[in-house]
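> One file is attached below, final_6.cif, containing mmCIF, N, CA and C atoms.
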data_start
#
loop_
_atom_site.label_atom_id
_atom_site.label_comp_id
_atom_site.auth_asym_id
_atom_site.auth_seq_id
_atom_site.Cartn_x
_atom_site.Cartn_y
_atom_site.Cartn_z
N MET A 30 105.65 92.16 98.27
CA MET A 30 106.20 90.83 98.39
C MET A 30 106.84 90.45 97.06
N GLU A 31 107.94 89.73 97.12
CA GLU A 31 108.68 89.34 95.94
C GLU A 31 108.38 87.87 95.60
N HIS A 32 108.15 87.60 94.32
CA HIS A 32 107.87 86.25 93.83
C HIS A 32 108.85 85.92 92.73
N LEU A 33 109.29 84.67 92.69
CA LEU A 33 110.16 84.21 91.61
C LEU A 33 109.35 83.29 90.71
N SER A 34 109.23 83.67 89.45
CA SER A 34 108.53 82.87 88.46
C SER A 34 109.55 82.18 87.57
N HIS A 35 109.38 80.87 87.42
CA HIS A 35 110.30 80.08 86.60
C HIS A 35 109.81 79.91 85.17
N SER A 36 108.59 80.37 84.88
CA SER A 36 108.04 80.16 83.54
C SER A 36 106.88 81.13 83.28
N GLU A 37 106.51 81.22 82.03
CA GLU A 37 105.36 82.03 81.65
C GLU A 37 104.09 81.51 82.34
N GLN A 38 103.98 80.19 82.45
CA GLN A 38 102.82 79.58 83.13
C GLN A 38 102.74 80.03 84.58
N GLU A 39 103.85 80.02 85.28
CA GLU A 39 103.86 80.46 86.69
C GLU A 39 103.50 81.94 86.79
N THR A 40 103.95 82.74 85.84
CA THR A 40 103.61 84.16 85.84
C THR A 40 102.10 84.34 85.67
N GLU A 41 101.50 83.57 84.76
CA GLU A 41 100.05 83.62 84.57
C GLU A 41 99.32 83.19 85.84
N GLN A 42 99.79 82.12 86.47
CA GLN A 42 99.16 81.64 87.71
C GLN A 42 99.20 82.70 88.81
N LEU A 43 100.31 83.41 88.91
CA LEU A 43 100.42 84.48 89.89
C LEU A 43 99.41 85.58 89.59
N GLY A 44 99.27 85.93 88.31
CA GLY A 44 98.27 86.92 87.92
C GLY A 44 96.87 86.49 88.32
N GLU A 45 96.56 85.23 88.14
CA GLU A 45 95.25 84.71 88.53
C GLU A 45 95.04 84.80 90.04
N GLN A 46 96.06 84.48 90.81
CA GLN A 46 95.97 84.59 92.27
C GLN A 46 95.73 86.03 92.71
N VAL A 47 96.44 86.95 92.09
CA VAL A 47 96.29 88.37 92.43
C VAL A 47 94.87 88.82 92.12
N ALA A 48 94.35 88.43 90.97
CA ALA A 48 93.00 88.85 90.56
C ALA A 48 91.94 88.50 91.60
N ARG A 49 92.09 87.39 92.24
CA ARG A 49 91.09 86.93 93.23
C ARG A 49 91.09 87.79 94.49
N ARG A 50 92.09 88.63 94.64
CA ARG A 50 92.19 89.50 95.83
C ARG A 50 91.85 90.96 95.52
N LEU A 51 91.49 91.25 94.28
CA LEU A 51 91.30 92.64 93.88
C LEU A 51 89.83 93.05 93.90
N PRO A 52 89.54 94.17 94.51
CA PRO A 52 88.17 94.70 94.41
C PRO A 52 87.97 95.46 93.10
N ARG A 53 86.72 95.66 92.75
CA ARG A 53 86.41 96.49 91.58
C ARG A 53 87.06 97.86 91.76
N GLY A 54 87.50 98.44 90.65
CA GLY A 54 88.09 99.77 90.69
C GLY A 54 89.57 99.81 90.98
N THR A 55 90.21 98.65 91.10
CA THR A 55 91.65 98.63 91.38
C THR A 55 92.44 99.08 90.15
N VAL A 56 93.47 99.86 90.40
CA VAL A 56 94.43 100.24 89.36
C VAL A 56 95.74 99.55 89.68
N ILE A 57 96.30 98.88 88.67
CA ILE A 57 97.58 98.21 88.81
C ILE A 57 98.58 98.89 87.89
N ALA A 58 99.67 99.37 88.45
CA ALA A 58 100.73 100.03 87.67
C ALA A 58 101.89 99.05 87.52
N TYR A 59 102.14 98.63 86.27
CA TYR A 59 103.25 97.72 85.96
C TYR A 59 104.49 98.52 85.61
N THR A 60 105.65 98.03 86.03
CA THR A 60 106.92 98.52 85.55
C THR A 60 107.77 97.32 85.16
N GLY A 61 108.63 97.52 84.20
CA GLY A 61 109.50 96.43 83.74
C GLY A 61 109.77 96.57 82.25
N GLU A 62 110.91 96.11 81.84
CA GLU A 62 111.32 96.21 80.44
C GLU A 62 110.49 95.30 79.54
N LEU A 63 110.69 95.43 78.24
CA LEU A 63 110.03 94.56 77.27
C LEU A 63 110.37 93.10 77.54
N GLY A 64 109.38 92.24 77.37
CA GLY A 64 109.61 90.80 77.48
C GLY A 64 109.76 90.27 78.89
N MET A 65 109.32 91.02 79.88
CA MET A 65 109.47 90.59 81.27
C MET A 65 108.26 89.83 81.82
N GLY A 66 107.16 89.74 81.05
CA GLY A 66 106.03 88.94 81.50
C GLY A 66 104.78 89.72 81.86
N LYS A 67 104.73 90.98 81.53
CA LYS A 67 103.57 91.80 81.90
C LYS A 67 102.30 91.30 81.21
N THR A 68 102.38 90.95 79.94
CA THR A 68 101.19 90.46 79.24
C THR A 68 100.81 89.07 79.73
N ALA A 69 101.78 88.22 80.02
CA ALA A 69 101.49 86.89 80.57
C ALA A 69 100.78 87.04 81.91
N PHE A 70 101.27 87.92 82.75
CA PHE A 70 100.63 88.17 84.04
C PHE A 70 99.19 88.64 83.82
N THR A 71 98.99 89.49 82.83
CA THR A 71 97.66 90.03 82.55
C THR A 71 96.72 88.94 82.04
N ARG A 72 97.24 87.95 81.30
CA ARG A 72 96.41 86.81 80.90
C ARG A 72 95.85 86.10 82.12
N GLY A 73 96.69 85.87 83.12
CA GLY A 73 96.24 85.25 84.36
C GLY A 73 95.29 86.14 85.12
N LEU A 74 95.57 87.42 85.14
CA LEU A 74 94.69 88.39 85.79
C LEU A 74 93.30 88.31 85.17
N ALA A 75 93.23 88.30 83.84
CA ALA A 75 91.94 88.22 83.15
C ALA A 75 91.20 86.94 83.51
N ARG A 76 91.90 85.84 83.52
CA ARG A 76 91.27 84.55 83.89
C ARG A 76 90.71 84.62 85.31
N GLY A 77 91.48 85.19 86.22
CA GLY A 77 91.05 85.29 87.61
C GLY A 77 89.86 86.23 87.80
N LEU A 78 89.70 87.18 86.90
CA LEU A 78 88.56 88.12 86.96
C LEU A 78 87.34 87.58 86.21
N GLY A 79 87.48 86.41 85.60
CA GLY A 79 86.37 85.81 84.86
C GLY A 79 86.18 86.42 83.48
N CYS A 80 87.24 86.98 82.92
CA CYS A 80 87.15 87.60 81.59
C CYS A 80 87.29 86.55 80.51
N ARG A 81 86.63 86.83 79.42
CA ARG A 81 86.69 85.96 78.26
C ARG A 81 87.46 86.66 77.15
N GLY A 82 87.93 85.88 76.21
CA GLY A 82 88.65 86.46 75.08
C GLY A 82 90.14 86.30 75.22
N ARG A 83 90.81 86.38 74.10
CA ARG A 83 92.26 86.23 74.03
C ARG A 83 92.91 87.54 74.50
N VAL A 84 93.80 87.44 75.45
CA VAL A 84 94.50 88.61 75.98
C VAL A 84 95.77 88.83 75.17
N THR A 85 95.88 90.03 74.61
CA THR A 85 97.06 90.41 73.83
C THR A 85 97.56 91.76 74.31
N SER A 86 98.77 92.09 73.95
CA SER A 86 99.34 93.38 74.32
C SER A 86 98.63 94.50 73.56
N PRO A 87 98.25 95.56 74.25
CA PRO A 87 97.56 96.68 73.59
C PRO A 87 98.51 97.75 73.06
N THR A 88 99.70 97.37 72.66
CA THR A 88 100.72 98.34 72.23
C THR A 88 100.20 99.31 71.17
N PHE A 89 99.49 98.81 70.19
CA PHE A 89 99.07 99.68 69.09
C PHE A 89 97.70 100.29 69.31
N THR A 90 96.91 99.74 70.22
CA THR A 90 95.57 100.26 70.46
C THR A 90 95.49 101.09 71.74
N ILE A 91 96.51 101.09 72.54
CA ILE A 91 96.63 101.77 73.84
C ILE A 91 95.84 101.03 74.93
N VAL A 92 94.61 100.59 74.65
CA VAL A 92 93.84 99.87 75.67
C VAL A 92 93.03 98.75 75.03
N ASN A 93 93.05 97.59 75.67
CA ASN A 93 92.17 96.47 75.30
C ASN A 93 91.19 96.26 76.45
N GLU A 94 89.95 95.99 76.11
CA GLU A 94 88.91 95.76 77.11
C GLU A 94 88.49 94.30 77.08
N TYR A 95 88.34 93.71 78.27
CA TYR A 95 87.90 92.33 78.40
C TYR A 95 86.71 92.29 79.34
N GLU A 96 85.60 91.78 78.84
CA GLU A 96 84.39 91.67 79.65
C GLU A 96 84.45 90.40 80.49
N GLY A 97 83.96 90.49 81.72
CA GLY A 97 83.94 89.35 82.61
C GLY A 97 83.18 89.68 83.87
N ASP A 98 83.34 88.84 84.88
CA ASP A 98 82.69 89.10 86.17
C ASP A 98 83.07 90.50 86.66
N ILE A 99 84.34 90.81 86.53
CA ILE A 99 84.86 92.17 86.73
C ILE A 99 85.60 92.50 85.43
N PRO A 100 85.22 93.58 84.74
CA PRO A 100 85.91 93.90 83.48
C PRO A 100 87.37 94.27 83.72
N LEU A 101 88.19 93.99 82.72
CA LEU A 101 89.60 94.32 82.77
C LEU A 101 89.91 95.28 81.63
N PHE A 102 90.58 96.38 81.97
CA PHE A 102 91.04 97.36 80.99
C PHE A 102 92.56 97.33 81.02
N HIS A 103 93.15 96.83 79.94
CA HIS A 103 94.59 96.61 79.86
C HIS A 103 95.21 97.72 79.00
N PHE A 104 95.95 98.59 79.63
CA PHE A 104 96.56 99.74 78.98
C PHE A 104 98.04 99.48 78.70
N ASP A 105 98.53 100.04 77.60
CA ASP A 105 99.95 100.06 77.31
C ASP A 105 100.30 101.50 76.97
N LEU A 106 101.05 102.16 77.85
CA LEU A 106 101.35 103.58 77.70
C LEU A 106 102.66 103.84 76.98
N TYR A 107 103.25 102.82 76.39
CA TYR A 107 104.55 102.96 75.75
C TYR A 107 104.57 104.10 74.73
N ARG A 108 103.50 104.27 74.00
CA ARG A 108 103.44 105.28 72.94
C ARG A 108 102.97 106.65 73.44
N LEU A 109 102.63 106.75 74.71
CA LEU A 109 102.17 108.03 75.25
C LEU A 109 103.34 108.81 75.82
N GLY A 110 103.23 110.13 75.75
CA GLY A 110 104.30 110.98 76.24
C GLY A 110 104.07 111.54 77.63
N SER A 111 102.80 111.49 78.11
CA SER A 111 102.51 112.08 79.41
C SER A 111 101.16 111.60 79.91
N SER A 112 100.88 111.93 81.16
CA SER A 112 99.57 111.58 81.73
C SER A 112 98.46 112.38 81.06
N ASP A 113 98.76 113.56 80.53
CA ASP A 113 97.74 114.34 79.81
C ASP A 113 97.16 113.52 78.66
N GLU A 114 98.00 112.79 77.96
CA GLU A 114 97.52 111.95 76.85
C GLU A 114 96.65 110.81 77.36
N LEU A 115 96.96 110.29 78.54
CA LEU A 115 96.12 109.25 79.14
C LEU A 115 94.74 109.80 79.47
N PHE A 116 94.70 110.98 80.04
CA PHE A 116 93.41 111.61 80.35
C PHE A 116 92.65 111.94 79.06
N ASP A 117 93.36 112.29 78.00
CA ASP A 117 92.73 112.59 76.71
C ASP A 117 92.00 111.39 76.12
N ILE A 118 92.48 110.17 76.41
CA ILE A 118 91.81 108.98 75.86
C ILE A 118 90.71 108.45 76.79
N GLY A 119 90.43 109.19 77.87
CA GLY A 119 89.30 108.83 78.72
C GLY A 119 89.62 108.04 79.97
N TRP A 120 90.81 108.24 80.52
CA TRP A 120 91.24 107.53 81.73
C TRP A 120 90.17 107.58 82.83
N GLU A 121 89.64 108.76 83.10
CA GLU A 121 88.66 108.90 84.18
C GLU A 121 87.38 108.11 83.89
N ASP A 122 87.01 108.00 82.61
CA ASP A 122 85.84 107.19 82.24
C ASP A 122 86.09 105.71 82.54
N TYR A 123 87.29 105.23 82.24
CA TYR A 123 87.61 103.83 82.56
C TYR A 123 87.57 103.60 84.07
N LEU A 124 88.10 104.54 84.84
CA LEU A 124 88.08 104.40 86.30
C LEU A 124 86.65 104.33 86.82
N ALA A 125 85.76 105.12 86.23
CA ALA A 125 84.37 105.18 86.68
C ALA A 125 83.58 103.91 86.35
N ARG A 126 84.10 103.08 85.46
CA ARG A 126 83.38 101.89 85.04
C ARG A 126 83.50 100.73 86.03
N GLY A 127 84.35 100.85 87.03
CA GLY A 127 84.40 99.86 88.10
C GLY A 127 85.12 98.57 87.77
N GLY A 128 85.92 98.56 86.74
CA GLY A 128 86.70 97.38 86.43
C GLY A 128 88.07 97.48 87.06
N VAL A 129 88.96 96.59 86.64
CA VAL A 129 90.36 96.64 87.04
C VAL A 129 91.13 97.22 85.87
N CYS A 130 91.98 98.21 86.14
CA CYS A 130 92.83 98.82 85.12
C CYS A 130 94.26 98.35 85.35
N ALA A 131 94.81 97.61 84.39
CA ALA A 131 96.19 97.14 84.45
C ALA A 131 96.98 97.96 83.44
N VAL A 132 98.03 98.65 83.91
CA VAL A 132 98.71 99.65 83.09
C VAL A 132 100.18 99.31 82.91
N GLU A 133 100.54 98.93 81.67
CA GLU A 133 101.94 98.72 81.33
C GLU A 133 102.60 100.07 81.05
N TRP A 134 103.89 100.17 81.34
CA TRP A 134 104.67 101.40 81.15
C TRP A 134 104.04 102.55 81.95
N SER A 135 103.62 102.24 83.15
CA SER A 135 102.93 103.21 84.01
C SER A 135 103.79 104.42 84.34
N GLU A 136 105.10 104.26 84.30
CA GLU A 136 105.98 105.38 84.65
C GLU A 136 105.82 106.56 83.69
N ARG A 137 105.21 106.35 82.53
CA ARG A 137 104.99 107.44 81.57
C ARG A 137 103.84 108.36 81.99
N ALA A 138 103.07 107.94 82.98
CA ALA A 138 101.94 108.76 83.45
C ALA A 138 101.81 108.66 84.96
N GLU A 139 102.93 108.68 85.63
CA GLU A 139 102.97 108.44 87.08
C GLU A 139 102.00 109.33 87.86
N ASP A 140 101.82 110.57 87.46
CA ASP A 140 100.96 111.47 88.22
C ASP A 140 99.47 111.17 88.04
N ALA A 141 99.12 110.14 87.25
CA ALA A 141 97.72 109.73 87.10
C ALA A 141 97.31 108.73 88.18
N PHE A 142 98.27 108.26 88.97
CA PHE A 142 98.01 107.21 89.96
C PHE A 142 98.09 107.79 91.37
N ASP A 143 97.32 107.18 92.27
CA ASP A 143 97.33 107.66 93.66
C ASP A 143 97.91 106.59 94.59
N GLY A 144 97.82 106.85 95.87
CA GLY A 144 98.40 105.96 96.87
C GLY A 144 97.75 104.59 96.96
N SER A 145 96.55 104.42 96.41
CA SER A 145 95.88 103.13 96.47
C SER A 145 96.25 102.22 95.29
N THR A 146 97.07 102.70 94.39
CA THR A 146 97.47 101.93 93.22
C THR A 146 98.32 100.73 93.63
N VAL A 147 97.98 99.57 93.08
CA VAL A 147 98.79 98.37 93.27
C VAL A 147 99.99 98.50 92.33
N ARG A 148 101.17 98.22 92.84
CA ARG A 148 102.41 98.33 92.05
C ARG A 148 102.98 96.94 91.82
N ILE A 149 103.30 96.64 90.56
CA ILE A 149 103.91 95.35 90.24
C ILE A 149 105.11 95.60 89.32
N ASP A 150 106.27 95.18 89.79
CA ASP A 150 107.50 95.36 89.03
C ASP A 150 107.99 94.00 88.54
N PHE A 151 108.40 93.95 87.28
CA PHE A 151 108.88 92.73 86.64
C PHE A 151 110.34 92.94 86.25
N ARG A 152 111.19 91.98 86.65
CA ARG A 152 112.57 92.06 86.20
C ARG A 152 113.13 90.64 86.03
N ARG A 153 114.18 90.57 85.26
CA ARG A 153 114.81 89.29 84.95
C ARG A 153 115.46 88.71 86.21
N GLY A 154 115.32 87.40 86.40
CA GLY A 154 115.96 86.72 87.53
C GLY A 154 117.46 86.64 87.31
N ALA A 155 118.23 86.86 88.35
CA ALA A 155 119.68 86.87 88.24
C ALA A 155 120.26 85.49 87.95
N GLN A 156 119.57 84.43 88.39
CA GLN A 156 120.12 83.08 88.26
C GLN A 156 119.83 82.42 86.92
N HIS A 157 118.80 82.91 86.23
CA HIS A 157 118.43 82.28 84.95
C HIS A 157 117.71 83.31 84.08
N ASP A 158 118.07 83.39 82.81
CA ASP A 158 117.51 84.39 81.90
C ASP A 158 115.99 84.29 81.75
N GLY A 159 115.44 83.08 81.85
CA GLY A 159 114.00 82.88 81.67
C GLY A 159 113.18 83.09 82.93
N TRP A 160 113.83 83.25 84.06
CA TRP A 160 113.11 83.46 85.32
C TRP A 160 112.77 84.94 85.48
N ARG A 161 111.69 85.22 86.22
CA ARG A 161 111.28 86.59 86.48
C ARG A 161 111.10 86.81 87.98
N VAL A 162 111.56 87.95 88.44
CA VAL A 162 111.31 88.39 89.81
C VAL A 162 110.16 89.39 89.71
N ILE A 163 109.06 89.07 90.38
CA ILE A 163 107.86 89.89 90.31
C ILE A 163 107.57 90.41 91.71
N THR A 164 107.66 91.72 91.87
CA THR A 164 107.47 92.35 93.18
C THR A 164 106.11 93.03 93.19
N ILE A 165 105.27 92.64 94.15
CA ILE A 165 103.90 93.15 94.25
C ILE A 165 103.77 93.96 95.53
N THR A 166 103.29 95.18 95.38
CA THR A 166 103.06 96.07 96.51
C THR A 166 101.60 96.54 96.48
N GLY A 167 100.91 96.42 97.60
CA GLY A 167 99.57 96.94 97.70
C GLY A 167 98.46 95.91 97.65
N VAL A 168 98.81 94.62 97.67
CA VAL A 168 97.80 93.55 97.72
C VAL A 168 98.07 92.74 98.97
N ASP A 169 97.12 92.70 99.89
CA ASP A 169 97.29 91.95 101.13
C ASP A 169 97.50 90.47 100.85
N GLY A 170 98.46 89.90 101.56
CA GLY A 170 98.73 88.48 101.45
C GLY A 170 99.58 88.08 100.27
N LEU A 171 100.03 89.04 99.50
CA LEU A 171 100.91 88.73 98.37
C LEU A 171 102.12 89.62 98.48
#
Hey, can you dump this file as structure tokens for me?

Amino acid sequence: MEHLSHSEQETEQLGEQVARRLPRGTVIAYTGELGMGKTAFTRGLARGLGCRGRVTSPTFTIVNEYEGDIPLFHFDLYRLGSSDELFDIGWEDYLARGGVCAVEWSERAEDAFDGSTVRIDFRRGAQHDGWRVITITGVDGL
């Protein structure tokens, strides 16, 4: 389903709505260029999962962990060259922990994801530079 966000706040609210529909162990694969709202969406996702702490982009750390009712593992694969590098940092261990894994730049490790992966694409709205078109696949009712 396609959603039009007019602001960073709306993007966060959508992330919060999505979080309420996710079971433990969900993997979310994000696609979209820099500055499209992936981290804003993840802030809402964290809030919806009951996570505490300030949500920031994990660009330099590869993964940020947020404890909550359901833990959130926020990955940024921009600096990785392949899925082998993702597995080297313990991807399977994160999956086994039963949290939600939200993965920015997922296309860099596409073969690490299966058919149950939720897909979310972020792109600039054609009518206004600050608007975002957010397409969600794999979450019922969204």
> As a count of residues only, please: every residue in chain A that DSSP puts in helix (DSSP H, G or I).
42
> Would you write out, as a list in words, every residue that the PyMOL selection byres ((chain A and resi 60-66) around 6.5) captures in this file?
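Answer for the PyMOL selection byres ((chain A and resi 60-66) around 6.5): Ala58, Tyr59, Lys67, Thr68, Ala69, Phe70, Thr71, Val132, Glu133, Trp134, Ser135, Glu136, Arg148, Ile149, Asp150, Phe151, Arg152, Arg153 and Arg161 of chain A.
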> Would you output that residue set with N, CA and C atoms, as a short mmCIF file (atom, residue, chain, number, x, y, z; two decimals), in the coordinates of the input?

data_model
loop_
_atom_site.label_atom_id
_atom_site.label_comp_id
_atom_site.auth_asym_id
_atom_site.auth_seq_id
_atom_site.Cartn_x
_atom_site.Cartn_y
_atom_site.Cartn_z
N ALA A 58 99.67 99.37 88.45
CA ALA A 58 100.73 100.03 87.67
C ALA A 58 101.89 99.05 87.52
N TYR A 59 102.14 98.63 86.27
CA TYR A 59 103.25 97.72 85.96
C TYR A 59 104.49 98.52 85.61
N LYS A 67 104.73 90.98 81.53
CA LYS A 67 103.57 91.80 81.90
C LYS A 67 102.30 91.30 81.21
N THR A 68 102.38 90.95 79.94
CA THR A 68 101.19 90.46 79.24
C THR A 68 100.81 89.07 79.73
N ALA A 69 101.78 88.22 80.02
CA ALA A 69 101.49 86.89 80.57
C ALA A 69 100.78 87.04 81.91
N PHE A 70 101.27 87.92 82.75
CA PHE A 70 100.63 88.17 84.04
C PHE A 70 99.19 88.64 83.82
N THR A 71 98.99 89.49 82.83
CA THR A 71 97.66 90.03 82.55
C THR A 71 96.72 88.94 82.04
N VAL A 132 98.03 98.65 83.91
CA VAL A 132 98.71 99.65 83.09
C VAL A 132 100.18 99.31 82.91
N GLU A 133 100.54 98.93 81.67
CA GLU A 133 101.94 98.72 81.33
C GLU A 133 102.60 100.07 81.05
N TRP A 134 103.89 100.17 81.34
CA TRP A 134 104.67 101.40 81.15
C TRP A 134 104.04 102.55 81.95
N SER A 135 103.62 102.24 83.15
CA SER A 135 102.93 103.21 84.01
C SER A 135 103.79 104.42 84.34
N GLU A 136 105.10 104.26 84.30
CA GLU A 136 105.98 105.38 84.65
C GLU A 136 105.82 106.56 83.69
N ARG A 148 101.17 98.22 92.84
CA ARG A 148 102.41 98.33 92.05
C ARG A 148 102.98 96.94 91.82
N ILE A 149 103.30 96.64 90.56
CA ILE A 149 103.91 95.35 90.24
C ILE A 149 105.11 95.60 89.32
N ASP A 150 106.27 95.18 89.79
CA ASP A 150 107.50 95.36 89.03
C ASP A 150 107.99 94.00 88.54
N PHE A 151 108.40 93.95 87.28
CA PHE A 151 108.88 92.73 86.64
C PHE A 151 110.34 92.94 86.25
N ARG A 152 111.19 91.98 86.65
CA ARG A 152 112.57 92.06 86.20
C ARG A 152 113.13 90.64 86.03
N ARG A 153 114.18 90.57 85.26
CA ARG A 153 114.81 89.29 84.95
C ARG A 153 115.46 88.71 86.21
N ARG A 161 111.69 85.22 86.22
CA ARG A 161 111.28 86.59 86.48
C ARG A 161 111.10 86.81 87.98
#
> Contacts of stretch 113-124 of chain A at 8 Å or less, counting all atoms listed in the file, minus same-chain residues fewer than 5 places along, as a list in words?
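Within the cut-off, the hits are Gly54, Thr55, Phe102, Leu106, Val129, Cys130, Arg137, Ala138, Asp140 and Ala141 of chain A.
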> Measuring atom to atom with only C-alpha atoms, identify which of A:Ile163, A:His157, A:Cys80, A:Val168 is nearest to A:Leu33.
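Residue with the minimum atom-to-atom distance to A:Leu33: A:Ile163.
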> Choose the residue, out of A:Ile57, A:Leu74, A:Asn93, A:Asp158, that has the smallest atom-to-atom separation from A:Ser145; count only N, CA and C atoms.
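Nearest candidate to A:Ser145 out of A:Ile57, A:Leu74, A:Asn93, A:Asp158: A:Ile57.
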> If I take atom CA of A:Arg53 and atom CA of A:Ile99, how far is one from the other in Å, to one decimal?
6.7 Å
> With the PyMOL selection byres (((chain A and resi 44 and name CA) around 8) and name CA) as the selection, what would be picked from this file? Answer as a PyMOL selection string, please.
chain A and resi 40-43+45-48+70-74+77
> Go ahead and save the residues from that selection, with N, CA and C atoms, as a PDB file, in the coordinates of the input.

ATOM      1  N   THR A  40     103.950  82.740  85.840  1.00  0.00           N
ATOM      2  CA  THR A  40     103.610  84.160  85.840  1.00  0.00           C
ATOM      3  C   THR A  40     102.100  84.340  85.670  1.00  0.00           C
ATOM      4  N   GLU A  41     101.500  83.570  84.760  1.00  0.00           N
ATOM      5  CA  GLU A  41     100.050  83.620  84.570  1.00  0.00           C
ATOM      6  C   GLU A  41      99.320  83.190  85.840  1.00  0.00           C
ATOM      7  N   GLN A  42      99.790  82.120  86.470  1.00  0.00           N
ATOM      8  CA  GLN A  42      99.160  81.640  87.710  1.00  0.00           C
ATOM      9  C   GLN A  42      99.200  82.700  88.810  1.00  0.00           C
ATOM     10  N   LEU A  43     100.310  83.410  88.910  1.00  0.00           N
ATOM     11  CA  LEU A  43     100.420  84.480  89.890  1.00  0.00           C
ATOM     12  C   LEU A  43      99.410  85.580  89.590  1.00  0.00           C
ATOM     13  N   GLU A  45      96.560  85.230  88.140  1.00  0.00           N
ATOM     14  CA  GLU A  45      95.250  84.710  88.530  1.00  0.00           C
ATOM     15  C   GLU A  45      95.040  84.800  90.040  1.00  0.00           C
ATOM     16  N   GLN A  46      96.060  84.480  90.810  1.00  0.00           N
ATOM     17  CA  GLN A  46      95.970  84.590  92.270  1.00  0.00           C
ATOM     18  C   GLN A  46      95.730  86.030  92.710  1.00  0.00           C
ATOM     19  N   VAL A  47      96.440  86.950  92.090  1.00  0.00           N
ATOM     20  CA  VAL A  47      96.290  88.370  92.430  1.00  0.00           C
ATOM     21  C   VAL A  47      94.870  88.820  92.120  1.00  0.00           C
ATOM     22  N   ALA A  48      94.350  88.430  90.970  1.00  0.00           N
ATOM     23  CA  ALA A  48      93.000  88.850  90.560  1.00  0.00           C
ATOM     24  C   ALA A  48      91.940  88.500  91.600  1.00  0.00           C
ATOM     25  N   PHE A  70     101.270  87.920  82.750  1.00  0.00           N
ATOM     26  CA  PHE A  70     100.630  88.170  84.040  1.00  0.00           C
ATOM     27  C   PHE A  70      99.190  88.640  83.820  1.00  0.00           C
ATOM     28  N   THR A  71      98.990  89.490  82.830  1.00  0.00           N
ATOM     29  CA  THR A  71      97.660  90.030  82.550  1.00  0.00           C
ATOM     30  C   THR A  71      96.720  88.940  82.040  1.00  0.00           C
ATOM     31  N   ARG A  72      97.240  87.950  81.300  1.00  0.00           N
ATOM     32  CA  ARG A  72      96.410  86.810  80.900  1.00  0.00           C
ATOM     33  C   ARG A  72      95.850  86.100  82.120  1.00  0.00           C
ATOM     34  N   GLY A  73      96.690  85.870  83.120  1.00  0.00           N
ATOM     35  CA  GLY A  73      96.240  85.250  84.360  1.00  0.00           C
ATOM     36  C   GLY A  73      95.290  86.140  85.120  1.00  0.00           C
ATOM     37  N   LEU A  74      95.570  87.420  85.140  1.00  0.00           N
ATOM     38  CA  LEU A  74      94.690  88.390  85.790  1.00  0.00           C
ATOM     39  C   LEU A  74      93.300  88.310  85.170  1.00  0.00           C
ATOM     40  N   GLY A  77      91.480  85.190  86.220  1.00  0.00           N
ATOM     41  CA  GLY A  77      91.050  85.290  87.610  1.00  0.00           C
ATOM     42  C   GLY A  77      89.860  86.230  87.800  1.00  0.00           C
TER      43      GLY A  77
END
> Hey, can you check how far atom CA of A:Glu39 sits from atom CA of A:Arg76?
13.5 Å
> On this file, the PyMOL selection byres (((chain A and resi 86 and name CA) around 9) and name CA) gives some set of residues; write that set as a count of residues only.
14
> Rounded to one decimal place, report the atom CA of A:Pro100-atom CA of A:Val147 distance in Å.
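Separating atom CA of A:Pro100 from atom CA of A:Val147 is a distance of 16.8 Å.
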> Measuring atom to atom with only C-alpha atoms, identify which of A:Arg108, A:Ile165, A:Ala131, A:Ala125 is nearest to A:Tyr95.
A:Ala131
> With all atoms listed in the file as the atoms that count, which of A:Ser111, A:Ala155, A:Arg81, A:His32 lies nearest to A:Asp98?
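Answer, going by the shortest atom-to-atom distance: A:Arg81.
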